[in-house]
Each structure stands twice: as structure tokens, then as C-alpha cells.
Amino acid sequence: MEVRLSVRTKIVLTLILIFAIGALLVLANHKASDYVVLILNLMAINIIFAVSLNLINGITGIFSLGHAGFIAIGAYTSVLLTLPVQQKEMSYLIKPVIPPFDRIQLPFLPSVLIAGLAAAAFGYVVAAPSLRLIGDYLAIATLGLGETIRIIANNAWSITNGALGLKGIPQYTNLYWSWAWALVTVCFIVSLVKSSYGRALKAIREDVIAAKAMGINVFSHQVMSFVVGSFFAGVGGALWAHLITTIDPKSFTFTKTFEILIMVVLGGLGSISGSIIGAAIYTVGLEFLRILESPFKIWFIKFPGIPGMRMVVLAVILIVLMLFWQRGIMGRSELSWEMFFSLFSRLKRGGRK
Amino acid sequence: MSGVILELKNVTKRFGGLTAVDRFTGYVKNGELLGLIGPNGAGKTTLFNLITGMYEPDEGEILFSGHRLNGLKPHQVTRLGIARTFQNIRLFSDMSVLENVMVAQHCKLRSTLSMFSFVFKTPSALKFERQVRMRSEKLLEKVGLLHLASEKASALPYGLQRKLEIARALATEPKLLLLDEPAAGMNPQETSELMVFIKTIRDEFNLSIIVIEHDMKVIMGICERIYVMDYGKLIAEGTPKEIQSNPLVIKAYLGEEVLV
């Protein structure tokens with residue numbers, strides 16, 4: 001059965017959902033343990049990462065593997081701005097931090113915005129040369145760019161404090177900041193994808209030559225998608241740094257990129273709601289599997305706790321998931337209220353059509 | 001020359017040692033239905049790629065209603081008013097029929113409407129979206145695909161995919177339409193429908209059309225003038241009648257024997 005809802009109903013329902021999530025967050029902030037709050041924060045940040053990577057990889061079809069690099073730029077930029085001056089003097093032991101960062105300290109929100117803009121600016125600079133390539137070559141080039149950023153971070157002592165990393169970052173990120181930014185990211189990217197620009201981006205993914213023939217400036221649209229994606233990666237990086245309070249170049253290896261790529265592919269390459277689901281499942285699932293790393297018993301067989309076991313199990317689960325859902329949980333479709341209600345009415349009639 | 005919309009002067013394109021298009025000179029009149037035929041590998045599609053900016057000519061000049069097309073990018077050429085279809089259908093297969101037509105109007109966007117005006121839903125962006133949807137639905141209605149608007153493009157039968165590709169090209173509001181083997185793979189029934197369709201859209205949208213086609217029934221049935229190419233060179237030009245009895249054409253197609 002087809003369920004049809006008016007635009008107004010859908011907006012109202014969406015607002016109710018947002019308020020419900022907001023209420024849950026307020027509740028969690030007051031009642032839940034620090035551990036649960038941390039997981040919820042990570043979930044929001046992973047949603048930002050996954051949705052922004054999906055815009056580049058899934059919607060526009062640019063197979064970029066440089067996300068960790070943009071996250072690193074966002075993280076370092078924001079930390080340089082928010083770290084208290086005293087902390088900076090203590091941290092930068094080998095070389096003092098370059099001016100003007102040795103004297104300034106900004107509030108959180110402007111720092112996050114500047115971090116996003118820095119990542120976006122970098123995205124703009126690297127987009128031009130790397131988008132001359134296509135497919136696998138582009139993937140390799142962006143992977144290399146991401147690693148380059150990490151290696152620069154490892155050696156630019158007066159900016160990033162090199163391999164020592166930065167500690168004592170004020171923990172500004174809380175549930176409200178992270179989820180508000182997740183909401184902004186999702187709203188921004190969803191309205192972009194649904195607009196004329198979004199259709200152009202999808203057209204580029206489907207067929208570059210036909211897109212050109214339809215009057216779409218493929219290059220400038222790809223750059224736009226890349227810049228928007230790296231802006232939100234930078235924002236996510238800033239939030240992340242102010243959540244875990246310590247960063248060093250090792251936090252931004254390409255495994256970070258692949259972690260996000262897993263979320264995106266798990267949810268469905270090209271589906272925004274899929275990316276949100278993928279990020280949520282991945283974040284919670286990884287924590288849930290921690291029980292495997294402490295000794296446990298199934299029936300009468302005793303399992304010793306093996307550190308790292310959860311990654312093995314996660315890999316198996318992912319392989320099984322990808323075997324049965326080759327295009328990810330959502331494929332390329334999006335969750336909608338219609339889908340929800342038609343499912344609901346089907347359940348009510350006992351599965352009869 | 002007045003009334004000429006497209007003019008090609010000594011256009012040459014080489015790929016390594018191969019001259020795909022060799023000093024091609026020709027023109028298209030306003031509102032004309034022009035046929036372009038020739039054996040496989042004669043350079044017909046290359047000529048389309050040169051006109052639409054996919055390739056740049058090595059020599060010669062392409063003029064389109066006062067604009068020089070040499071060196072323009074494909075999207076710029078499309079914006080000037082040249083649209084095309086492809087020999088092997090190139091639809092945006094994972095998008096709906098309606099979206100396929102809507103996306104072709106993205107090029108009508110004025111540069112003042114940036115990405116941000118769409119994200120923040122400014123009135124002018126919303127107005128643009130409404131207009132695009134309205135125009136697309138109107139266009140689909142005209143070509144008889146409106147009832148399939150929400151289907152995926154890849155779900156359409158072959159003949160309708162060809163039709164949708166033409167509709168998508170029309171959505172860019174061209175003055176000149178290039179059709180690359182529109183009847184390829186069609187059965188006789190579909191082919192005769194296509195012939196009517198091409199004539200109808202020419203009149204309805206005030207187009208000039210160039211058709212590449214191997215099906216002589218189509219070419220002889222609808223074209224007012226025909227260019228014949230062989231090995232990159234223009235070997236003959238004339239009305240369908242003249243072409244049918246041109247010995248050079250017969251030789252290029254059939255060797256020495258006379259058939260047609």
C-alpha cells in the first residue's frame with residue numbers, strides 16, 4: 001500500500017523527531033554515565049564524518065580516501081586556537097609555537113568554524129590537481145594526500161608539536177555541540193543533495209560524459225562537493241579533538257579514513273540516511289563487542305578475553321553483512337516517513353498485502 | 001550566409017596517424033533536418049564530438065550562430081544551445097525519468113543562484129526548483145513519458161530510453177539537436193514512430209537537427225539534405241534523391257555493385 005503524506009505533515013513529523021532526540025540527549029546528559037555520553041558524542045561525530053564522506057564518495061562518485069587528512073587539519077586548527085596560552089607554553093617543548101598562535105585563545109564556536117574553513121580551503125587547493133584523475137588513480141592520489149598531511153603534522157614541530165602531539169585540550173565538546181553540528185551537517189547536505197546542485201552531482205556520478213553534454217560544469221561541481229565535504233570533515237575533526245582532549249599524528253592515519261568508509265559503505269554508498277545508520281551501528285557495535293575482550297562463557301565453554309578480538313568479530317560481521325546487502329543497508333534509497341508508515345500499516349494487517 | 005545556424009570550415013581532427021575528420025566543410029540551415037551518413041568509421045560521431053566540444057579540432061573553424069566553438073568546453077557549448085544524444089544510450093540510469101529531465105535544466109541556472117541559496121532555500125532558489133519541475137513535467141507530457149516520471153530511467157524499455165534521452169536533450173532548450181543513431185536497435189514499428197517523433201519535435205521546438213543513422217529508411221524518410229562521409233572526408237551532399245543515385249556514395253557503401 002502506498003502511503004502519501006503532505007509536505008507539511010512530514011515537516012511536523014521531522015521536527016517532532018528532532019525534539020524527541022533533543023529530549024533524549026538532555027536526559028542522557030543528566031542521567032547517563034560518562035561512558036554512554038562519550039559513545040553518544042562519538043556517534044554524532046561519526047555521523048558528521050560519514051555524511052560528509054558520503055557526499056564526496058557516494059553522491060558525487062569521487063572515490064576520495066583523504067578524509068583523515070581533512071579531519072587532521074580541522075583538529076589541529078581548532079586546537080591551535082582554543083588551547084590555553086599556558087598550556088601551549090608547556091606543550092611545545094622542542095620548538096615554541098609559531099605566532100600568532102602563541103598568544104591567542106578563541107572560544108569554541110569560532111574555532112570550530114575556522115577549523116572547517118581551513119579544511120575546506122585545503123580541500124579547494126588539493127581538489128584541482130587530484131580531480132584531474134579518475135577512479136582508482138584519484139583514490140590513490142587522495143590517499144597519498146591524506147598521508148602527506150599526517151607526515152607534515154609529524155614534522156612541523158612549531159605548529160603541531162610533532163609526534164609528541166597536543167595534550168590538555170579543553171573538553172568543550174558535549175552532547176549539545178556534537179549533535180547540533182551533526183544536525184547542521186545532515187540538514188546542509190540533505191538540502192544540497194535534494195536541490196538542482198544535488199541532481200547535477202548525482203548526474204556526474206552516473207555518467208560524466210552525459211553530464212558534460214547536459215551543460216554541467218563537471219569540474220567545478222566536483223570541486224564544490226569536495227570543498228563542502230572537507231568543511232564538515234574539518235568541523236568533525238575539531239569536535240573530535242575537543243572530545244578526546246589529546247591528539248597526535250597517529251590519530252589521523254588512513255585507518256581513520258577506512259573506518260569512515262566502512263560506515264558509509266555499510267549504510268549504503270549514496271544514501272545519507274544510510275550513512276547515519278552506518279555510523280550509529282558502527283560506533284555502538286564496536287563498543288558492544290568489547291564484551292568479547294573480557295573473559296566470558298557461552299553455555300559451558302569458557303572463552304578467555306583476547307584483546308583485539310572485537311576487531312576480528314567485527315570484520316566477520318561486516319563480511320556477512322556485505323554478502324547479504326551488497327549495496328549496504330539502505331542501498332541508494334533514503335529513509336522517509338512514507339516508508340515508515342507503510343511498514344507500520346503492513347505490520348498492522350499482519351503482513352498481508 | 002543568413003539562415004545558417006552552424007558552419008564548419010575545413011574542420012580536421014587527427015588521432016595519431018589517423019585523420020578521423022579530414023577538412024570537413026559544411027553548414028546547417030535554420031530549422032533544417034540534416035542527415036549524416038557514411039560507413040562505419042567514417043568519422044560521423046567524431047564530427048559530433050567536435051561540434052559539442054568533446055574534442056577540439058586540430059584545424060578549421062566551427063561557428064554556431066555567431067559564436068566560435070573552437071576551444072569551448074562541452075558544457076559551454078550546451079549552454080550556447082547545442083544538445084546531443086549518444087550512440088550507446090547514456091542516461092543517468094539510477095535517477096528517475098523526471099530527474100533525468102530536471103538535471104538537464106541545471107545549466108539554465110544563473111550564476112547568482114549559488115549552492116548556498118539552495119541550501120538555505122531562498123525564495124529565488126525555490127522558484128527555480130518549481131519552474132524546473134513544471135517545465136520538466138510539461139516536456140515529459142509532450143513526449144508522452146509523464147506517466148513514467150517516477151520510474152528509474154534504467155527500468156524503461158529500450159525504445160523509451162531513446163525517447164527519454166531525446167527529451168533530456170530538449171530540456172537544455174537547444175537550437176540545434178544532434179542525434180547519434182537514434183534508431184539503432186529499434187524494431188520497424190518503433191523506427192516509424194521515431195521518424196514521426198523527430199519531425200514533430202523539430203516543428204514544435206523550432207530546432208535544427210542533424211541525424212546520424214544507418215537505417216536508410218529513416219534518413220531518406222525525414223531528412224531534407226544529406227551529407228555523406230567516408231574516411232573522414234565529405235564525399236557527397238544533396239537531397240535524398242540525389243544521394244541515392246550518386247555513384248560515389250554507392251561505391252563507398254557497396255563497393256562496385258549497384259543496389260539501394
# chains A, B, ... in the order shown; residues from 1 in each chain; ligands from 1
>>> residues_around(residues="A:Ser52", least_positions_apart="3", cutoff="12 Å", atoms="only C-alpha atoms", output="PyMOL selection string")
chain A and resi 45-49+55-60+64+66-68+70-71+116+120+181-182+184-190+192-193+225-237+257+260-261+263-264+269-272+275-276+279
>>> interface_residues(of="chain A", to="chain B", cutoff="7 Å", atoms="only C-alpha atoms", output="PyMOL selection string")
chain A and resi 188+191-192+195-197+199-200+203+206-207+210+212-217
>>> atom_distance(atom1="atom CA of B:Glu7", atom2="atom CA of B:Leu34")
12.9 Å
>>> atom_distance(atom1="atom CA of A:Val313", atom2="atom CA of A:Thr253")
22.1 Å
>>> select_by_dssp(residues="stretch 13-239 of chain B", states="alpha helix (DSSP H)", output="PDB file with C-alpha atoms, in the first residue's frame")
ATOM      1  CA  LYS B  44      30.442  10.865 -38.123  1.00  0.00           C
ATOM      2  CA  THR B  45      30.476  10.560 -34.350  1.00  0.00           C
ATOM      3  CA  THR B  46      33.860  12.289 -34.217  1.00  0.00           C
ATOM      4  CA  LEU B  47      32.253  15.181 -36.034  1.00  0.00           C
ATOM      5  CA  PHE B  48      29.533  15.297 -33.349  1.00  0.00           C
ATOM      6  CA  ASN B  49      32.206  15.235 -30.663  1.00  0.00           C
ATOM      7  CA  LEU B  50      33.957  18.147 -32.375  1.00  0.00           C
ATOM      8  CA  ILE B  51      30.786  20.192 -32.592  1.00  0.00           C
ATOM      9  CA  PRO B  74      31.217  20.735 -23.685  1.00  0.00           C
ATOM     10  CA  HIS B  75      29.123  22.418 -21.008  1.00  0.00           C
ATOM     11  CA  GLN B  76      29.716  25.830 -22.567  1.00  0.00           C
ATOM     12  CA  VAL B  77      28.654  24.528 -25.970  1.00  0.00           C
ATOM     13  CA  THR B  78      25.488  23.088 -24.442  1.00  0.00           C
ATOM     14  CA  ARG B  79      24.706  26.436 -22.844  1.00  0.00           C
ATOM     15  CA  LEU B  80      25.008  28.117 -26.248  1.00  0.00           C
ATOM     16  CA  VAL B  97      12.811   9.775 -15.526  1.00  0.00           C
ATOM     17  CA  LEU B  98      11.757  13.145 -14.140  1.00  0.00           C
ATOM     18  CA  GLU B  99      15.147  13.770 -12.523  1.00  0.00           C
ATOM     19  CA  ASN B 100      16.884  12.976 -15.806  1.00  0.00           C
ATOM     20  CA  VAL B 101      14.979  15.779 -17.477  1.00  0.00           C
ATOM     21  CA  MET B 102      15.297  18.104 -14.478  1.00  0.00           C
ATOM     22  CA  VAL B 103      19.060  17.764 -14.297  1.00  0.00           C
ATOM     23  CA  MET B 115      24.761  26.416  -3.786  1.00  0.00           C
ATOM     24  CA  PHE B 116      24.020  28.353  -0.573  1.00  0.00           C
ATOM     25  CA  SER B 117      20.801  29.844  -1.899  1.00  0.00           C
ATOM     26  CA  PHE B 118      19.549  26.295  -2.431  1.00  0.00           C
ATOM     27  CA  VAL B 119      20.762  25.028   0.936  1.00  0.00           C
ATOM     28  CA  PRO B 123      12.712  32.371  -2.484  1.00  0.00           C
ATOM     29  CA  SER B 124      14.504  32.648  -5.828  1.00  0.00           C
ATOM     30  CA  ALA B 125      16.022  29.165  -5.416  1.00  0.00           C
ATOM     31  CA  LEU B 126      12.637  27.690  -4.563  1.00  0.00           C
ATOM     32  CA  LYS B 127      11.157  29.482  -7.544  1.00  0.00           C
ATOM     33  CA  PHE B 128      13.822  27.980  -9.785  1.00  0.00           C
ATOM     34  CA  GLU B 129      13.089  24.500  -8.412  1.00  0.00           C
ATOM     35  CA  ARG B 130       9.359  24.955  -9.052  1.00  0.00           C
ATOM     36  CA  GLN B 131       9.957  26.182 -12.595  1.00  0.00           C
ATOM     37  CA  VAL B 132      12.310  23.317 -13.373  1.00  0.00           C
ATOM     38  CA  ARG B 133       9.790  20.774 -12.122  1.00  0.00           C
ATOM     39  CA  MET B 134       6.953  22.395 -14.049  1.00  0.00           C
ATOM     40  CA  ARG B 135       8.918  22.644 -17.285  1.00  0.00           C
ATOM     41  CA  SER B 136      10.139  19.066 -16.939  1.00  0.00           C
ATOM     42  CA  GLU B 137       6.669  17.687 -16.385  1.00  0.00           C
ATOM     43  CA  LYS B 138       5.398  19.681 -19.358  1.00  0.00           C
ATOM     44  CA  LEU B 139       8.189  18.330 -21.526  1.00  0.00           C
ATOM     45  CA  LEU B 140       7.576  14.750 -20.401  1.00  0.00           C
ATOM     46  CA  GLU B 141       3.912  15.211 -21.187  1.00  0.00           C
ATOM     47  CA  LYS B 142       4.750  16.421 -24.689  1.00  0.00           C
ATOM     48  CA  VAL B 143       6.895  13.370 -25.420  1.00  0.00           C
ATOM     49  CA  TYR B 158      14.842   0.364 -24.866  1.00  0.00           C
ATOM     50  CA  GLY B 159      12.708   2.434 -27.208  1.00  0.00           C
ATOM     51  CA  LEU B 160      11.523   4.677 -24.406  1.00  0.00           C
ATOM     52  CA  GLN B 161      15.081   5.121 -23.130  1.00  0.00           C
ATOM     53  CA  ARG B 162      15.961   6.544 -26.548  1.00  0.00           C
ATOM     54  CA  LYS B 163      12.968   8.833 -26.309  1.00  0.00           C
ATOM     55  CA  LEU B 164      13.929   9.947 -22.810  1.00  0.00           C
ATOM     56  CA  GLU B 165      17.432  10.710 -23.997  1.00  0.00           C
ATOM     57  CA  ILE B 166      15.979  12.988 -26.652  1.00  0.00           C
ATOM     58  CA  ALA B 167      13.658  14.569 -24.067  1.00  0.00           C
ATOM     59  CA  ARG B 168      16.621  15.179 -21.793  1.00  0.00           C
ATOM     60  CA  ALA B 169      18.492  16.863 -24.625  1.00  0.00           C
ATOM     61  CA  LEU B 170      15.437  19.014 -25.342  1.00  0.00           C
ATOM     62  CA  ALA B 171      15.341  20.100 -21.702  1.00  0.00           C
ATOM     63  CA  PRO B 188      10.369  -1.336 -37.584  1.00  0.00           C
ATOM     64  CA  GLN B 189       7.356  -0.271 -35.541  1.00  0.00           C
ATOM     65  CA  GLU B 190       9.487   1.752 -33.120  1.00  0.00           C
ATOM     66  CA  THR B 191      11.501   3.164 -36.008  1.00  0.00           C
ATOM     67  CA  SER B 192       8.498   4.587 -37.811  1.00  0.00           C
ATOM     68  CA  GLU B 193       7.246   6.060 -34.548  1.00  0.00           C
ATOM     69  CA  LEU B 194      10.643   7.652 -34.055  1.00  0.00           C
ATOM     70  CA  MET B 195      10.542   9.209 -37.521  1.00  0.00           C
ATOM     71  CA  VAL B 196       7.257  10.921 -36.719  1.00  0.00           C
ATOM     72  CA  PHE B 197       8.617  11.938 -33.323  1.00  0.00           C
ATOM     73  CA  ILE B 198      11.742  13.591 -34.745  1.00  0.00           C
ATOM     74  CA  LYS B 199       9.688  15.607 -37.235  1.00  0.00           C
ATOM     75  CA  THR B 200       7.244  16.644 -34.516  1.00  0.00           C
ATOM     76  CA  ILE B 201       9.858  17.921 -32.120  1.00  0.00           C
ATOM     77  CA  ARG B 202      11.636  19.782 -34.904  1.00  0.00           C
ATOM     78  CA  ASP B 203       8.439  21.727 -35.637  1.00  0.00           C
ATOM     79  CA  GLU B 204       7.337  22.106 -32.041  1.00  0.00           C
ATOM     80  CA  PHE B 205      10.662  23.292 -30.606  1.00  0.00           C
ATOM     81  CA  MET B 216      18.315   4.392 -44.708  1.00  0.00           C
ATOM     82  CA  LYS B 217      14.551   4.351 -44.296  1.00  0.00           C
ATOM     83  CA  VAL B 218      14.894   6.922 -41.531  1.00  0.00           C
ATOM     84  CA  ILE B 219      17.414   9.089 -43.371  1.00  0.00           C
ATOM     85  CA  MET B 220      15.582   9.058 -46.687  1.00  0.00           C
ATOM     86  CA  GLY B 221      12.225   9.457 -44.952  1.00  0.00           C
ATOM     87  CA  ILE B 222      12.849  12.526 -42.844  1.00  0.00           C
TER      88      ILE B 222
END
>>> residues_around(residues="stretch 144-160 of chain A", least_positions_apart="6", cutoff="9 Å", atoms="only C-alpha atoms", output="MDAnalysis selection string")
chainID A and resid 65:70 72:73 76 80 92 94:98 101 126 166 248:254 257
>>> write_last_selection(atoms="N, CA and C atoms", output="CSV table (one decimal), in the first residue's frame")
chain,number,residue,atom,x,y,z
A,65,LEU,N,40.0,9.1,-0.7
A,65,LEU,CA,40.4,8.4,0.6
A,65,LEU,C,41.2,9.4,1.4
A,66,GLY,N,41.0,10.7,1.3
A,66,GLY,CA,41.8,11.6,2.0
A,66,GLY,C,41.1,12.2,3.2
A,67,HIS,N,40.0,11.6,3.7
A,67,HIS,CA,39.2,12.2,4.7
A,67,HIS,C,40.0,12.5,6.0
A,68,ALA,N,40.8,11.5,6.4
A,68,ALA,CA,41.6,11.6,7.6
A,68,ALA,C,42.5,12.9,7.6
A,69,GLY,N,42.9,13.3,6.4
A,69,GLY,CA,43.7,14.5,6.3
A,69,GLY,C,42.9,15.7,6.6
A,70,PHE,N,41.7,15.8,6.1
A,70,PHE,CA,40.9,16.9,6.4
A,70,PHE,C,40.5,17.0,7.9
A,72,ALA,N,42.3,15.9,10.2
A,72,ALA,CA,43.5,16.3,10.9
A,72,ALA,C,43.7,17.8,10.9
A,73,ILE,N,43.4,18.4,9.7
A,73,ILE,CA,43.5,19.8,9.6
A,73,ILE,C,42.5,20.5,10.5
A,76,TYR,N,43.7,20.0,14.3
A,76,TYR,CA,44.9,20.9,14.6
A,76,TYR,C,44.6,22.3,14.6
A,80,LEU,N,44.9,24.6,17.9
A,80,LEU,CA,45.8,25.8,18.0
A,80,LEU,C,45.1,27.0,18.4
A,92,TYR,N,54.7,22.8,23.9
A,92,TYR,CA,55.7,22.9,22.8
A,92,TYR,C,57.1,23.0,23.4
A,94,ILE,N,60.0,21.3,22.2
A,94,ILE,CA,61.1,21.3,21.3
A,94,ILE,C,61.2,22.6,20.5
A,95,LYS,N,60.1,23.0,20.0
A,95,LYS,CA,60.1,24.4,19.3
A,95,LYS,C,58.9,25.1,19.8
A,96,PRO,N,59.0,26.4,20.1
A,96,PRO,CA,57.8,27.1,20.5
A,96,PRO,C,56.8,27.3,19.3
A,97,VAL,N,55.5,27.4,19.6
A,97,VAL,CA,54.5,27.5,18.6
A,97,VAL,C,54.7,28.8,17.9
A,98,ILE,N,54.4,28.8,16.6
A,98,ILE,CA,54.6,30.0,15.7
A,98,ILE,C,53.6,31.0,16.1
A,101,PHE,N,49.8,32.1,17.1
A,101,PHE,CA,49.1,31.2,18.0
A,101,PHE,C,49.6,31.1,19.4
A,126,VAL,N,43.7,21.1,-2.9
A,126,VAL,CA,44.1,19.8,-3.4
A,126,VAL,C,43.1,19.3,-4.5
A,166,LEU,N,49.4,17.0,21.0
A,166,LEU,CA,49.0,18.0,21.9
A,166,LEU,C,48.0,17.5,23.0
A,248,ASP,N,47.5,13.4,18.3
A,248,ASP,CA,48.8,13.3,17.8
A,248,ASP,C,48.7,12.8,16.4
A,249,PRO,N,49.7,12.9,15.5
A,249,PRO,CA,49.6,12.5,14.1
A,249,PRO,C,49.1,11.1,14.0
A,250,LYS,N,49.3,10.2,14.9
A,250,LYS,CA,48.9,8.8,14.8
A,250,LYS,C,47.4,8.6,14.8
A,251,SER,N,46.7,9.7,15.3
A,251,SER,CA,45.2,9.6,15.3
A,251,SER,C,44.6,9.7,13.9
A,252,PHE,N,45.5,10.2,12.9
A,252,PHE,CA,44.9,10.5,11.6
A,252,PHE,C,45.5,9.7,10.5
A,253,THR,N,45.8,8.4,10.8
A,253,THR,CA,46.3,7.5,9.8
A,253,THR,C,45.2,7.1,8.8
A,254,PHE,N,45.5,6.5,7.7
A,254,PHE,CA,44.5,6.1,6.8
A,254,PHE,C,43.5,5.2,7.3
A,257,THR,N,40.4,7.0,7.8
A,257,THR,CA,39.6,7.1,6.6
A,257,THR,C,38.8,5.8,6.4
>>> closest_residue(among="B:Leu156, B:Leu8, B:Ile250, B:Leu33", to="B:Leu178", atoms="only C-alpha atoms")
B:Leu33
>>> residues_around(residues="B:Ala42", least_positions_apart="6", cutoff="12 Å", atoms="only C-alpha atoms", output="list in words")
Leu18, Thr19, Ala20, Val21, Asp22, Phe24, Leu36, Ile212, His214, Tyr227, Val228, Met229, Asp230, Tyr231, Gly232, Lys233, Leu234, Ile235, Ala252 and Tyr253 of chain B
>>> write_last_selection(atoms="N, CA and C atoms", output="short mmCIF file (atom, residue, chain, number, x, y, z; two decimals), in the first residue's frame")
data_model
loop_
_atom_site.label_atom_id
_atom_site.label_comp_id
_atom_site.auth_asym_id
_atom_site.auth_seq_id
_atom_site.Cartn_x
_atom_site.Cartn_y
_atom_site.Cartn_z
N LEU B 18 45.94 8.69 -37.72
CA LEU B 18 44.65 8.56 -38.37
C LEU B 18 43.96 9.92 -38.44
N THR B 19 43.52 10.28 -39.62
CA THR B 19 42.74 11.51 -39.74
C THR B 19 41.27 11.14 -39.70
N ALA B 20 40.65 11.35 -38.56
CA ALA B 20 39.27 10.91 -38.37
C ALA B 20 38.29 11.80 -39.12
N VAL B 21 38.59 13.09 -39.09
CA VAL B 21 37.78 14.04 -39.86
C VAL B 21 38.76 14.88 -40.68
N ASP B 22 38.55 14.90 -41.99
CA ASP B 22 39.54 15.48 -42.87
C ASP B 22 38.94 16.67 -43.63
N PHE B 24 36.58 18.90 -43.22
CA PHE B 24 35.13 18.87 -43.44
C PHE B 24 34.59 20.29 -43.50
N LEU B 36 23.37 12.69 -41.72
CA LEU B 36 24.81 12.49 -41.86
C LEU B 36 25.04 10.99 -41.91
N ILE B 212 22.61 11.22 -37.32
CA ILE B 212 23.46 10.16 -37.84
C ILE B 212 22.62 8.91 -37.82
N HIS B 214 22.14 4.72 -39.60
CA HIS B 214 22.47 3.70 -40.60
C HIS B 214 21.22 3.20 -41.29
N TYR B 227 24.54 14.73 -45.87
CA TYR B 227 25.98 14.72 -46.10
C TYR B 227 26.45 13.28 -46.01
N VAL B 228 27.32 12.88 -46.92
CA VAL B 228 27.87 11.53 -46.86
C VAL B 228 29.36 11.62 -46.58
N MET B 229 29.81 10.87 -45.57
CA MET B 229 31.23 10.88 -45.22
C MET B 229 31.83 9.52 -45.48
N ASP B 230 33.09 9.52 -45.84
CA ASP B 230 33.84 8.27 -45.95
C ASP B 230 35.30 8.58 -45.63
N TYR B 231 35.90 7.79 -44.79
CA TYR B 231 37.29 8.02 -44.36
C TYR B 231 37.52 9.46 -43.94
N GLY B 232 36.59 10.04 -43.20
CA GLY B 232 36.77 11.38 -42.66
C GLY B 232 36.48 12.50 -43.63
N LYS B 233 36.25 12.14 -44.90
CA LYS B 233 36.03 13.19 -45.90
C LYS B 233 34.57 13.28 -46.28
N LEU B 234 34.15 14.49 -46.62
CA LEU B 234 32.81 14.67 -47.17
C LEU B 234 32.86 14.23 -48.61
N ILE B 235 32.09 13.19 -48.97
CA ILE B 235 32.17 12.74 -50.37
C ILE B 235 30.95 13.14 -51.19
N ALA B 252 31.05 3.86 -51.96
CA ALA B 252 31.51 3.86 -50.58
C ALA B 252 30.77 2.81 -49.76
N TYR B 253 29.50 2.67 -50.04
CA TYR B 253 28.70 1.76 -49.23
C TYR B 253 28.79 0.32 -49.69
#
>>> atom_distance(atom1="atom CA of A:Met224", atom2="atom CA of A:Thr14")
27.8 Å
>>> residues_around(residues="A:Ile104", least_positions_apart="4", cutoff="8 Å", atoms="only C-alpha atoms", output="NGL selection string")
:A and (81 or 85 or 100)
